[in-house]
Amino acid sequence: MNELPNCPQCGSVYTYEDGAMLVCPECAHEWSLDAAGASSEDEKVVKDANGNVLTDGDTVTVIKDLKVKGSSSVLKIGTKVKNIRLVDGDHDIDCKIEGFGAMKLKSEFVRKA
Ligand SMILES: [Zn+2]
């Protein structure tokens, strides 16, 4: 099922696809399917403190001292975190840190190494 959207110009329902474009035979309006807001899967982009896009497997550096939940230890600024995994949620980085074990971090407190 791939219902084409109506012509945004004249509302015609007789639109057809021409490659990546949609064409209206009634008013000759052409537009691209992407611009028409075809609801593509909303891919979440996780960015570090500098706005760099993070991906699974990246190594990041902690940019501020972070209290570790449920313990008195502090994750020191400059700590390298290898092989991160991006997850959904408030804390969007899943990782394992030597001496701490598995934990979650916020992407805003790290920098891509
Ligand atoms: Zn039209």
# chains A, B, ... in the order shown; residues from 1 in each chain; ligands from 1
>>> residues_around(residues="range 10-18 of chain A", least_positions_apart="6", cutoff="9 Å", atoms="only C-alpha atoms", output="PyMOL selection string")
chain A and resi 4+24-27+29+33
>>> residues_around(residues="range 96-106 of chain A", least_positions_apart="4", cutoff="12 Å", atoms="only C-alpha atoms", output="PDB file with all heavy atoms, in the first residue's frame")
ATOM      1  N   VAL A  46      22.068  10.990  18.216  1.00  0.00           N
ATOM      2  CA  VAL A  46      22.650  11.327  19.513  1.00  0.00           C
ATOM      3  C   VAL A  46      23.927  12.115  19.268  1.00  0.00           C
ATOM      4  O   VAL A  46      24.794  11.695  18.511  1.00  0.00           O
ATOM      5  CB  VAL A  46      22.949  10.051  20.329  1.00  0.00           C
ATOM      6  CG1 VAL A  46      23.633  10.407  21.638  1.00  0.00           C
ATOM      7  CG2 VAL A  46      21.663   9.290  20.596  1.00  0.00           C
ATOM      8  N   LYS A  47      24.016  13.279  19.890  1.00  0.00           N
ATOM      9  CA  LYS A  47      25.190  14.129  19.693  1.00  0.00           C
ATOM     10  C   LYS A  47      25.923  14.355  20.997  1.00  0.00           C
ATOM     11  O   LYS A  47      25.321  14.384  22.065  1.00  0.00           O
ATOM     12  CB  LYS A  47      24.751  15.476  19.120  1.00  0.00           C
ATOM     13  CG  LYS A  47      24.253  15.376  17.703  1.00  0.00           C
ATOM     14  CD  LYS A  47      23.839  16.735  17.199  1.00  0.00           C
ATOM     15  CE  LYS A  47      23.355  16.628  15.760  1.00  0.00           C
ATOM     16  NZ  LYS A  47      22.697  17.845  15.330  1.00  0.00           N
ATOM     17  N   ASP A  48      27.243  14.535  20.871  1.00  0.00           N
ATOM     18  CA  ASP A  48      28.028  14.810  22.069  1.00  0.00           C
ATOM     19  C   ASP A  48      27.951  16.294  22.408  1.00  0.00           C
ATOM     20  O   ASP A  48      27.218  17.059  21.782  1.00  0.00           O
ATOM     21  CB  ASP A  48      29.476  14.341  21.870  1.00  0.00           C
ATOM     22  CG  ASP A  48      30.252  15.230  20.899  1.00  0.00           C
ATOM     23  OD1 ASP A  48      29.693  16.227  20.413  1.00  0.00           O
ATOM     24  OD2 ASP A  48      31.422  14.928  20.637  1.00  0.00           O
ATOM     25  N   ALA A  49      28.729  16.709  23.412  1.00  0.00           N
ATOM     26  CA  ALA A  49      28.667  18.083  23.899  1.00  0.00           C
ATOM     27  C   ALA A  49      29.033  19.100  22.820  1.00  0.00           C
ATOM     28  O   ALA A  49      28.623  20.258  22.884  1.00  0.00           O
ATOM     29  CB  ALA A  49      29.591  18.242  25.089  1.00  0.00           C
ATOM     30  N   LEU A  54      27.220  10.851  17.482  1.00  0.00           N
ATOM     31  CA  LEU A  54      27.819   9.654  18.056  1.00  0.00           C
ATOM     32  C   LEU A  54      27.200   8.412  17.438  1.00  0.00           C
ATOM     33  O   LEU A  54      26.018   8.400  17.097  1.00  0.00           O
ATOM     34  CB  LEU A  54      27.590   9.631  19.568  1.00  0.00           C
ATOM     35  CG  LEU A  54      28.233  10.771  20.361  1.00  0.00           C
ATOM     36  CD1 LEU A  54      27.747  10.742  21.792  1.00  0.00           C
ATOM     37  CD2 LEU A  54      29.736  10.688  20.300  1.00  0.00           C
ATOM     38  N   GLY A  57      29.837   2.013  19.198  1.00  0.00           N
ATOM     39  CA  GLY A  57      31.229   1.617  19.076  1.00  0.00           C
ATOM     40  C   GLY A  57      32.216   2.762  19.218  1.00  0.00           C
ATOM     41  O   GLY A  57      33.424   2.538  19.249  1.00  0.00           O
ATOM     42  N   THR A  59      34.411   5.825  20.845  1.00  0.00           N
ATOM     43  CA  THR A  59      35.080   6.080  22.115  1.00  0.00           C
ATOM     44  C   THR A  59      34.845   7.538  22.469  1.00  0.00           C
ATOM     45  O   THR A  59      35.014   8.417  21.633  1.00  0.00           O
ATOM     46  CB  THR A  59      36.592   5.805  21.995  1.00  0.00           C
ATOM     47  OG1 THR A  59      36.781   4.436  21.655  1.00  0.00           O
ATOM     48  CG2 THR A  59      37.310   6.098  23.301  1.00  0.00           C
ATOM     49  N   VAL A  60      34.424   7.778  23.709  1.00  0.00           N
ATOM     50  CA  VAL A  60      34.158   9.155  24.121  1.00  0.00           C
ATOM     51  C   VAL A  60      34.939   9.464  25.398  1.00  0.00           C
ATOM     52  O   VAL A  60      35.410   8.568  26.096  1.00  0.00           O
ATOM     53  CB  VAL A  60      32.653   9.391  24.377  1.00  0.00           C
ATOM     54  CG1 VAL A  60      31.854   9.204  23.095  1.00  0.00           C
ATOM     55  CG2 VAL A  60      32.120   8.477  25.466  1.00  0.00           C
ATOM     56  N   THR A  61      35.058  10.751  25.668  1.00  0.00           N
ATOM     57  CA  THR A  61      35.714  11.213  26.877  1.00  0.00           C
ATOM     58  C   THR A  61      34.705  11.978  27.716  1.00  0.00           C
ATOM     59  O   THR A  61      33.941  12.792  27.185  1.00  0.00           O
ATOM     60  CB  THR A  61      36.893  12.150  26.519  1.00  0.00           C
ATOM     61  OG1 THR A  61      37.725  11.506  25.576  1.00  0.00           O
ATOM     62  CG2 THR A  61      37.688  12.499  27.752  1.00  0.00           C
ATOM     63  N   VAL A  62      34.709  11.704  29.016  1.00  0.00           N
ATOM     64  CA  VAL A  62      33.802  12.401  29.926  1.00  0.00           C
ATOM     65  C   VAL A  62      34.304  13.831  30.117  1.00  0.00           C
ATOM     66  O   VAL A  62      35.500  14.046  30.348  1.00  0.00           O
ATOM     67  CB  VAL A  62      33.740  11.655  31.278  1.00  0.00           C
ATOM     68  CG1 VAL A  62      32.873  12.407  32.276  1.00  0.00           C
ATOM     69  CG2 VAL A  62      33.208  10.246  31.077  1.00  0.00           C
ATOM     70  N   ILE A  63      33.418  14.818  30.003  1.00  0.00           N
ATOM     71  CA  ILE A  63      33.865  16.212  30.069  1.00  0.00           C
ATOM     72  C   ILE A  63      33.564  16.887  31.400  1.00  0.00           C
ATOM     73  O   ILE A  63      33.835  18.063  31.582  1.00  0.00           O
ATOM     74  CB  ILE A  63      33.262  17.054  28.928  1.00  0.00           C
ATOM     75  CG1 ILE A  63      31.732  17.024  28.987  1.00  0.00           C
ATOM     76  CG2 ILE A  63      33.765  16.569  27.585  1.00  0.00           C
ATOM     77  CD1 ILE A  63      31.095  18.165  28.199  1.00  0.00           C
ATOM     78  N   LYS A  64      32.953  16.162  32.313  1.00  0.00           N
ATOM     79  CA  LYS A  64      32.812  16.720  33.664  1.00  0.00           C
ATOM     80  C   LYS A  64      32.702  15.593  34.668  1.00  0.00           C
ATOM     81  O   LYS A  64      32.347  14.475  34.308  1.00  0.00           O
ATOM     82  CB  LYS A  64      31.607  17.664  33.738  1.00  0.00           C
ATOM     83  CG  LYS A  64      30.260  16.972  33.608  1.00  0.00           C
ATOM     84  CD  LYS A  64      29.132  17.962  33.877  1.00  0.00           C
ATOM     85  CE  LYS A  64      28.642  17.854  35.296  1.00  0.00           C
ATOM     86  NZ  LYS A  64      27.476  18.645  35.608  1.00  0.00           N
ATOM     87  N   ASP A  65      33.059  15.888  35.900  1.00  0.00           N
ATOM     88  CA  ASP A  65      32.952  14.864  36.937  1.00  0.00           C
ATOM     89  C   ASP A  65      31.494  14.452  37.089  1.00  0.00           C
ATOM     90  O   ASP A  65      30.622  15.299  37.233  1.00  0.00           O
ATOM     91  CB  ASP A  65      33.469  15.406  38.273  1.00  0.00           C
ATOM     92  CG  ASP A  65      34.987  15.556  38.263  1.00  0.00           C
ATOM     93  OD1 ASP A  65      35.617  15.088  37.297  1.00  0.00           O
ATOM     94  OD2 ASP A  65      35.526  16.133  39.218  1.00  0.00           O
ATOM     95  N   LEU A  66      31.270  13.154  37.031  1.00  0.00           N
ATOM     96  CA  LEU A  66      29.896  12.665  37.128  1.00  0.00           C
ATOM     97  C   LEU A  66      29.754  11.739  38.317  1.00  0.00           C
ATOM     98  O   LEU A  66      30.556  10.815  38.495  1.00  0.00           O
ATOM     99  CB  LEU A  66      29.510  11.918  35.844  1.00  0.00           C
ATOM    100  CG  LEU A  66      29.514  12.710  34.548  1.00  0.00           C
ATOM    101  CD1 LEU A  66      29.325  11.767  33.369  1.00  0.00           C
ATOM    102  CD2 LEU A  66      28.431  13.760  34.548  1.00  0.00           C
ATOM    103  N   LYS A  67      28.759  12.002  39.102  1.00  0.00           N
ATOM    104  CA  LYS A  67      28.466  11.113  40.224  1.00  0.00           C
ATOM    105  C   LYS A  67      27.896   9.824  39.678  1.00  0.00           C
ATOM    106  O   LYS A  67      27.067   9.826  38.770  1.00  0.00           O
ATOM    107  CB  LYS A  67      27.428  11.766  41.130  1.00  0.00           C
ATOM    108  CG  LYS A  67      28.048  12.556  42.248  1.00  0.00           C
ATOM    109  CD  LYS A  67      27.119  12.532  43.459  1.00  0.00           C
ATOM    110  CE  LYS A  67      27.799  13.126  44.665  1.00  0.00           C
ATOM    111  NZ  LYS A  67      26.886  13.959  45.445  1.00  0.00           N
ATOM    112  N   VAL A  68      28.370   8.728  40.210  1.00  0.00           N
ATOM    113  CA  VAL A  68      27.843   7.445  39.782  1.00  0.00           C
ATOM    114  C   VAL A  68      26.681   7.055  40.671  1.00  0.00           C
ATOM    115  O   VAL A  68      26.807   6.997  41.882  1.00  0.00           O
ATOM    116  CB  VAL A  68      28.940   6.353  39.831  1.00  0.00           C
ATOM    117  CG1 VAL A  68      28.379   5.021  39.379  1.00  0.00           C
ATOM    118  CG2 VAL A  68      30.107   6.764  38.956  1.00  0.00           C
ATOM    119  N   LYS A  69      25.564   6.851  39.996  1.00  0.00           N
ATOM    120  CA  LYS A  69      24.334   6.523  40.721  1.00  0.00           C
ATOM    121  C   LYS A  69      24.520   5.311  41.614  1.00  0.00           C
ATOM    122  O   LYS A  69      25.091   4.311  41.211  1.00  0.00           O
ATOM    123  CB  LYS A  69      23.228   6.217  39.696  1.00  0.00           C
ATOM    124  CG  LYS A  69      21.992   7.064  39.892  1.00  0.00           C
ATOM    125  CD  LYS A  69      20.895   6.547  38.976  1.00  0.00           C
ATOM    126  CE  LYS A  69      19.742   7.538  38.918  1.00  0.00           C
ATOM    127  NZ  LYS A  69      18.778   7.171  37.898  1.00  0.00           N
ATOM    128  N   GLY A  70      24.057   5.400  42.823  1.00  0.00           N
ATOM    129  CA  GLY A  70      24.081   4.261  43.727  1.00  0.00           C
ATOM    130  C   GLY A  70      25.439   3.949  44.308  1.00  0.00           C
ATOM    131  O   GLY A  70      25.662   2.871  44.832  1.00  0.00           O
ATOM    132  N   SER A  71      26.373   4.882  44.173  1.00  0.00           N
ATOM    133  CA  SER A  71      27.676   4.682  44.787  1.00  0.00           C
ATOM    134  C   SER A  71      28.274   6.041  45.116  1.00  0.00           C
ATOM    135  O   SER A  71      27.770   7.065  44.707  1.00  0.00           O
ATOM    136  CB  SER A  71      28.602   3.904  43.854  1.00  0.00           C
ATOM    137  OG  SER A  71      29.324   4.801  43.043  1.00  0.00           O
ATOM    138  N   SER A  72      29.378   5.996  45.845  1.00  0.00           N
ATOM    139  CA  SER A  72      29.986   7.265  46.232  1.00  0.00           C
ATOM    140  C   SER A  72      31.107   7.646  45.270  1.00  0.00           C
ATOM    141  O   SER A  72      31.746   8.666  45.423  1.00  0.00           O
ATOM    142  CB  SER A  72      30.522   7.167  47.660  1.00  0.00           C
ATOM    143  OG  SER A  72      31.422   6.083  47.738  1.00  0.00           O
ATOM    144  N   SER A  73      31.338   6.772  44.291  1.00  0.00           N
ATOM    145  CA  SER A  73      32.435   7.076  43.375  1.00  0.00           C
ATOM    146  C   SER A  73      32.026   8.139  42.360  1.00  0.00           C
ATOM    147  O   SER A  73      30.858   8.342  42.069  1.00  0.00           O
ATOM    148  CB  SER A  73      32.899   5.818  42.644  1.00  0.00           C
ATOM    149  OG  SER A  73      32.017   4.765  42.812  1.00  0.00           O
ATOM    150  N   VAL A  74      33.028   8.770  41.845  1.00  0.00           N
ATOM    151  CA  VAL A  74      32.825   9.808  40.837  1.00  0.00           C
ATOM    152  C   VAL A  74      33.589   9.425  39.577  1.00  0.00           C
ATOM    153  O   VAL A  74      34.742   9.018  39.629  1.00  0.00           O
ATOM    154  CB  VAL A  74      33.328  11.179  41.349  1.00  0.00           C
ATOM    155  CG1 VAL A  74      33.286  12.211  40.244  1.00  0.00           C
ATOM    156  CG2 VAL A  74      32.506  11.619  42.540  1.00  0.00           C
ATOM    157  N   LEU A  75      32.899   9.556  38.484  1.00  0.00           N
ATOM    158  CA  LEU A  75      33.527   9.323  37.192  1.00  0.00           C
ATOM    159  C   LEU A  75      34.247  10.617  36.836  1.00  0.00           C
ATOM    160  O   LEU A  75      33.624  11.656  36.656  1.00  0.00           O
ATOM    161  CB  LEU A  75      32.438   9.005  36.170  1.00  0.00           C
ATOM    162  CG  LEU A  75      32.874   8.426  34.837  1.00  0.00           C
ATOM    163  CD1 LEU A  75      33.666   7.150  35.031  1.00  0.00           C
ATOM    164  CD2 LEU A  75      31.650   8.154  33.992  1.00  0.00           C
ATOM    165  N   LYS A  76      35.579  10.549  36.796  1.00  0.00           N
ATOM    166  CA  LYS A  76      36.372  11.762  36.636  1.00  0.00           C
ATOM    167  C   LYS A  76      36.344  12.307  35.215  1.00  0.00           C
ATOM    168  O   LYS A  76      36.292  11.545  34.248  1.00  0.00           O
ATOM    169  CB  LYS A  76      37.826  11.466  37.020  1.00  0.00           C
ATOM    170  CG  LYS A  76      38.029  11.344  38.497  1.00  0.00           C
ATOM    171  CD  LYS A  76      38.140  12.732  39.110  1.00  0.00           C
ATOM    172  CE  LYS A  76      38.435  12.662  40.603  1.00  0.00           C
ATOM    173  NZ  LYS A  76      38.029  13.891  41.271  1.00  0.00           N
ATOM    174  N   THR A  79      37.847  10.765  31.721  1.00  0.00           N
ATOM    175  CA  THR A  79      37.761   9.313  31.642  1.00  0.00           C
ATOM    176  C   THR A  79      37.366   8.890  30.227  1.00  0.00           C
ATOM    177  O   THR A  79      36.436   9.433  29.654  1.00  0.00           O
ATOM    178  CB  THR A  79      36.718   8.765  32.635  1.00  0.00           C
ATOM    179  OG1 THR A  79      37.059   9.192  33.943  1.00  0.00           O
ATOM    180  CG2 THR A  79      36.661   7.244  32.586  1.00  0.00           C
ATOM    181  N   LYS A  80      38.126   7.945  29.701  1.00  0.00           N
ATOM    182  CA  LYS A  80      37.804   7.450  28.360  1.00  0.00           C
ATOM    183  C   LYS A  80      36.806   6.314  28.450  1.00  0.00           C
ATOM    184  O   LYS A  80      36.948   5.418  29.277  1.00  0.00           O
ATOM    185  CB  LYS A  80      39.069   6.963  27.654  1.00  0.00           C
ATOM    186  CG  LYS A  80      39.763   8.046  26.894  1.00  0.00           C
ATOM    187  CD  LYS A  80      40.519   7.504  25.700  1.00  0.00           C
ATOM    188  CE  LYS A  80      40.993   8.683  24.874  1.00  0.00           C
ATOM    189  NZ  LYS A  80      42.241   8.452  24.198  1.00  0.00           N
ATOM    190  N   VAL A  81      35.808   6.378  27.623  1.00  0.00           N
ATOM    191  CA  VAL A  81      34.797   5.336  27.605  1.00  0.00           C
ATOM    192  C   VAL A  81      34.789   4.716  26.219  1.00  0.00           C
ATOM    193  O   VAL A  81      34.509   5.377  25.228  1.00  0.00           O
ATOM    194  CB  VAL A  81      33.405   5.906  27.934  1.00  0.00           C
ATOM    195  CG1 VAL A  81      32.378   4.788  27.983  1.00  0.00           C
ATOM    196  CG2 VAL A  81      33.431   6.665  29.250  1.00  0.00           C
ATOM    197  N   LYS A  82      35.136   3.431  26.174  1.00  0.00           N
ATOM    198  CA  LYS A  82      35.234   2.767  24.876  1.00  0.00           C
ATOM    199  C   LYS A  82      33.959   2.023  24.515  1.00  0.00           C
ATOM    200  O   LYS A  82      33.222   1.574  25.391  1.00  0.00           O
ATOM    201  CB  LYS A  82      36.394   1.764  24.905  1.00  0.00           C
ATOM    202  CG  LYS A  82      37.742   2.418  24.822  1.00  0.00           C
ATOM    203  CD  LYS A  82      38.823   1.345  24.818  1.00  0.00           C
ATOM    204  CE  LYS A  82      40.180   1.983  25.104  1.00  0.00           C
ATOM    205  NZ  LYS A  82      41.156   0.990  25.504  1.00  0.00           N
ATOM    206  N   ASN A  83      33.776   1.899  23.230  1.00  0.00           N
ATOM    207  CA  ASN A  83      32.725   1.030  22.706  1.00  0.00           C
ATOM    208  C   ASN A  83      31.333   1.349  23.277  1.00  0.00           C
ATOM    209  O   ASN A  83      30.680   0.487  23.843  1.00  0.00           O
ATOM    210  CB  ASN A  83      33.113  -0.430  22.983  1.00  0.00           C
ATOM    211  CG  ASN A  83      32.362  -1.381  22.069  1.00  0.00           C
ATOM    212  OD1 ASN A  83      31.845  -0.976  21.030  1.00  0.00           O
ATOM    213  ND2 ASN A  83      32.286  -2.630  22.462  1.00  0.00           N
ATOM    214  N   ILE A  84      30.912   2.574  23.115  1.00  0.00           N
ATOM    215  CA  ILE A  84      29.605   2.971  23.630  1.00  0.00           C
ATOM    216  C   ILE A  84      28.484   2.375  22.780  1.00  0.00           C
ATOM    217  O   ILE A  84      28.696   1.988  21.624  1.00  0.00           O
ATOM    218  CB  ILE A  84      29.447   4.508  23.656  1.00  0.00           C
ATOM    219  CG1 ILE A  84      29.548   5.094  22.242  1.00  0.00           C
ATOM    220  CG2 ILE A  84      30.468   5.135  24.586  1.00  0.00           C
ATOM    221  CD1 ILE A  84      29.079   6.527  22.155  1.00  0.00           C
ATOM    222  N   ARG A  85      27.313   2.302  23.388  1.00  0.00           N
ATOM    223  CA  ARG A  85      26.150   1.817  22.662  1.00  0.00           C
ATOM    224  C   ARG A  85      25.035   2.829  22.901  1.00  0.00           C
ATOM    225  O   ARG A  85      24.769   3.223  24.030  1.00  0.00           O
ATOM    226  CB  ARG A  85      25.737   0.451  23.190  1.00  0.00           C
ATOM    227  CG  ARG A  85      24.969  -0.386  22.207  1.00  0.00           C
ATOM    228  CD  ARG A  85      24.928  -1.831  22.677  1.00  0.00           C
ATOM    229  NE  ARG A  85      24.269  -1.940  23.977  1.00  0.00           N
ATOM    230  CZ  ARG A  85      22.952  -1.994  24.126  1.00  0.00           C
ATOM    231  NH1 ARG A  85      22.147  -1.969  23.089  1.00  0.00           N
ATOM    232  NH2 ARG A  85      22.409  -2.089  25.321  1.00  0.00           N
ATOM    233  N   LEU A  86      24.416   3.274  21.817  1.00  0.00           N
ATOM    234  CA  LEU A  86      23.375   4.280  21.945  1.00  0.00           C
ATOM    235  C   LEU A  86      22.050   3.619  22.281  1.00  0.00           C
ATOM    236  O   LEU A  86      21.674   2.611  21.700  1.00  0.00           O
ATOM    237  CB  LEU A  86      23.256   5.081  20.644  1.00  0.00           C
ATOM    238  CG  LEU A  86      24.569   5.752  20.217  1.00  0.00           C
ATOM    239  CD1 LEU A  86      24.381   6.479  18.892  1.00  0.00           C
ATOM    240  CD2 LEU A  86      25.055   6.717  21.285  1.00  0.00           C
ATOM    241  N   VAL A  87      21.359   4.198  23.244  1.00  0.00           N
ATOM    242  CA  VAL A  87      20.073   3.654  23.665  1.00  0.00           C
ATOM    243  C   VAL A  87      19.060   4.797  23.763  1.00  0.00           C
ATOM    244  O   VAL A  87      19.412   5.968  23.704  1.00  0.00           O
ATOM    245  CB  VAL A  87      20.184   2.943  25.036  1.00  0.00           C
ATOM    246  CG1 VAL A  87      21.028   1.693  24.923  1.00  0.00           C
ATOM    247  CG2 VAL A  87      20.764   3.872  26.079  1.00  0.00           C
ATOM    248  N   ASP A  88      17.815   4.417  23.920  1.00  0.00           N
ATOM    249  CA  ASP A  88      16.768   5.411  24.103  1.00  0.00           C
ATOM    250  C   ASP A  88      16.715   5.839  25.558  1.00  0.00           C
ATOM    251  O   ASP A  88      17.091   5.091  26.443  1.00  0.00           O
ATOM    252  CB  ASP A  88      15.410   4.814  23.715  1.00  0.00           C
ATOM    253  CG  ASP A  88      15.167   4.991  22.233  1.00  0.00           C
ATOM    254  OD1 ASP A  88      15.763   5.912  21.643  1.00  0.00           O
ATOM    255  OD2 ASP A  88      14.388   4.213  21.676  1.00  0.00           O
ATOM    256  N   GLY A  89      16.239   7.032  25.770  1.00  0.00           N
ATOM    257  CA  GLY A  89      16.035   7.457  27.147  1.00  0.00           C
ATOM    258  C   GLY A  89      16.803   8.699  27.516  1.00  0.00           C
ATOM    259  O   GLY A  89      17.536   9.260  26.708  1.00  0.00           O
ATOM    260  N   ASP A  90      16.626   9.085  28.748  1.00  0.00           N
ATOM    261  CA  ASP A  90      17.259  10.275  29.297  1.00  0.00           C
ATOM    262  C   ASP A  90      18.775  10.146  29.253  1.00  0.00           C
ATOM    263  O   ASP A  90      19.497  11.041  28.846  1.00  0.00           O
ATOM    264  CB  ASP A  90      16.739  10.421  30.736  1.00  0.00           C
ATOM    265  CG  ASP A  90      17.320  11.627  31.412  1.00  0.00           C
ATOM    266  OD1 ASP A  90      17.584  12.615  30.701  1.00  0.00           O
ATOM    267  OD2 ASP A  90      17.526  11.592  32.632  1.00  0.00           O
ATOM    268  N   HIS A  91      19.263   8.982  29.684  1.00  0.00           N
ATOM    269  CA  HIS A  91      20.675   8.662  29.560  1.00  0.00           C
ATOM    270  C   HIS A  91      20.798   7.837  28.291  1.00  0.00           C
ATOM    271  O   HIS A  91      20.351   6.692  28.249  1.00  0.00           O
ATOM    272  CB  HIS A  91      21.151   7.851  30.766  1.00  0.00           C
ATOM    273  CG  HIS A  91      21.219   8.666  32.028  1.00  0.00           C
ATOM    274  ND1 HIS A  91      20.112   9.205  32.605  1.00  0.00           N
ATOM    275  CD2 HIS A  91      22.276   9.039  32.799  1.00  0.00           C
ATOM    276  CE1 HIS A  91      20.483   9.882  33.693  1.00  0.00           C
ATOM    277  NE2 HIS A  91      21.781   9.804  33.832  1.00  0.00           N
ATOM    278  N   ASP A  92      21.375   8.436  27.258  1.00  0.00           N
ATOM    279  CA  ASP A  92      21.302   7.777  25.953  1.00  0.00           C
ATOM    280  C   ASP A  92      22.552   7.014  25.541  1.00  0.00           C
ATOM    281  O   ASP A  92      22.669   6.584  24.408  1.00  0.00           O
ATOM    282  CB  ASP A  92      20.901   8.781  24.869  1.00  0.00           C
ATOM    283  CG  ASP A  92      21.567  10.136  25.046  1.00  0.00           C
ATOM    284  OD1 ASP A  92      22.588  10.188  25.748  1.00  0.00           O
ATOM    285  OD2 ASP A  92      21.064  11.112  24.494  1.00  0.00           O
ATOM    286  N   VAL A 110      29.661  14.058  27.358  1.00  0.00           N
ATOM    287  CA  VAL A 110      30.824  13.401  26.762  1.00  0.00           C
ATOM    288  C   VAL A 110      31.244  14.115  25.474  1.00  0.00           C
ATOM    289  O   VAL A 110      30.494  14.902  24.908  1.00  0.00           O
ATOM    290  CB  VAL A 110      30.540  11.908  26.447  1.00  0.00           C
ATOM    291  CG1 VAL A 110      30.120  11.153  27.685  1.00  0.00           C
ATOM    292  CG2 VAL A 110      29.492  11.788  25.345  1.00  0.00           C
ATOM    293  N   ARG A 111      32.450  13.806  25.067  1.00  0.00           N
ATOM    294  CA  ARG A 111      32.989  14.348  23.843  1.00  0.00           C
ATOM    295  C   ARG A 111      33.578  13.185  23.060  1.00  0.00           C
ATOM    296  O   ARG A 111      34.235  12.319  23.637  1.00  0.00           O
ATOM    297  CB  ARG A 111      34.083  15.354  24.178  1.00  0.00           C
ATOM    298  CG  ARG A 111      34.539  16.218  23.072  1.00  0.00           C
ATOM    299  CD  ARG A 111      35.215  17.479  23.613  1.00  0.00           C
ATOM    300  NE  ARG A 111      36.099  17.197  24.747  1.00  0.00           N
ATOM    301  CZ  ARG A 111      37.354  16.748  24.613  1.00  0.00           C
ATOM    302  NH1 ARG A 111      37.844  16.496  23.440  1.00  0.00           N
ATOM    303  NH2 ARG A 111      38.085  16.542  25.690  1.00  0.00           N
TER     304      ARG A 111
END
>>> closest_residue(among="A:Ile93, A:Ala20, A:Val45, A:Cys7", to="ligand 1", atoms="only C-alpha atoms and all ligand atoms")
A:Cys7
>>> residues_around(residues="Ser32 in chain A", least_positions_apart="6", cutoff="9 Å", atoms="only C-alpha atoms", output="NGL selection string")
:A and (20-23)
>>> select_by_dssp(residues="chain A", states="strand (DSSP E)", output="ChimeraX atom specification")
/A:16-18,21-23,30-32,60-62,66-67,74-75,80-81,85-86,93-97,101-105,110-112
>>> closest_residue(among="A:Gly78, A:Pro5, A:Gly19, A:Gly51", to="ligand 1", atoms="only C-alpha atoms and all ligand atoms")
A:Pro5
>>> closest_residue(among="A:Asn52, A:Asp94, A:Trp31, A:Phe109", to="ligand 1", atoms="only C-alpha atoms and all ligand atoms")
A:Trp31
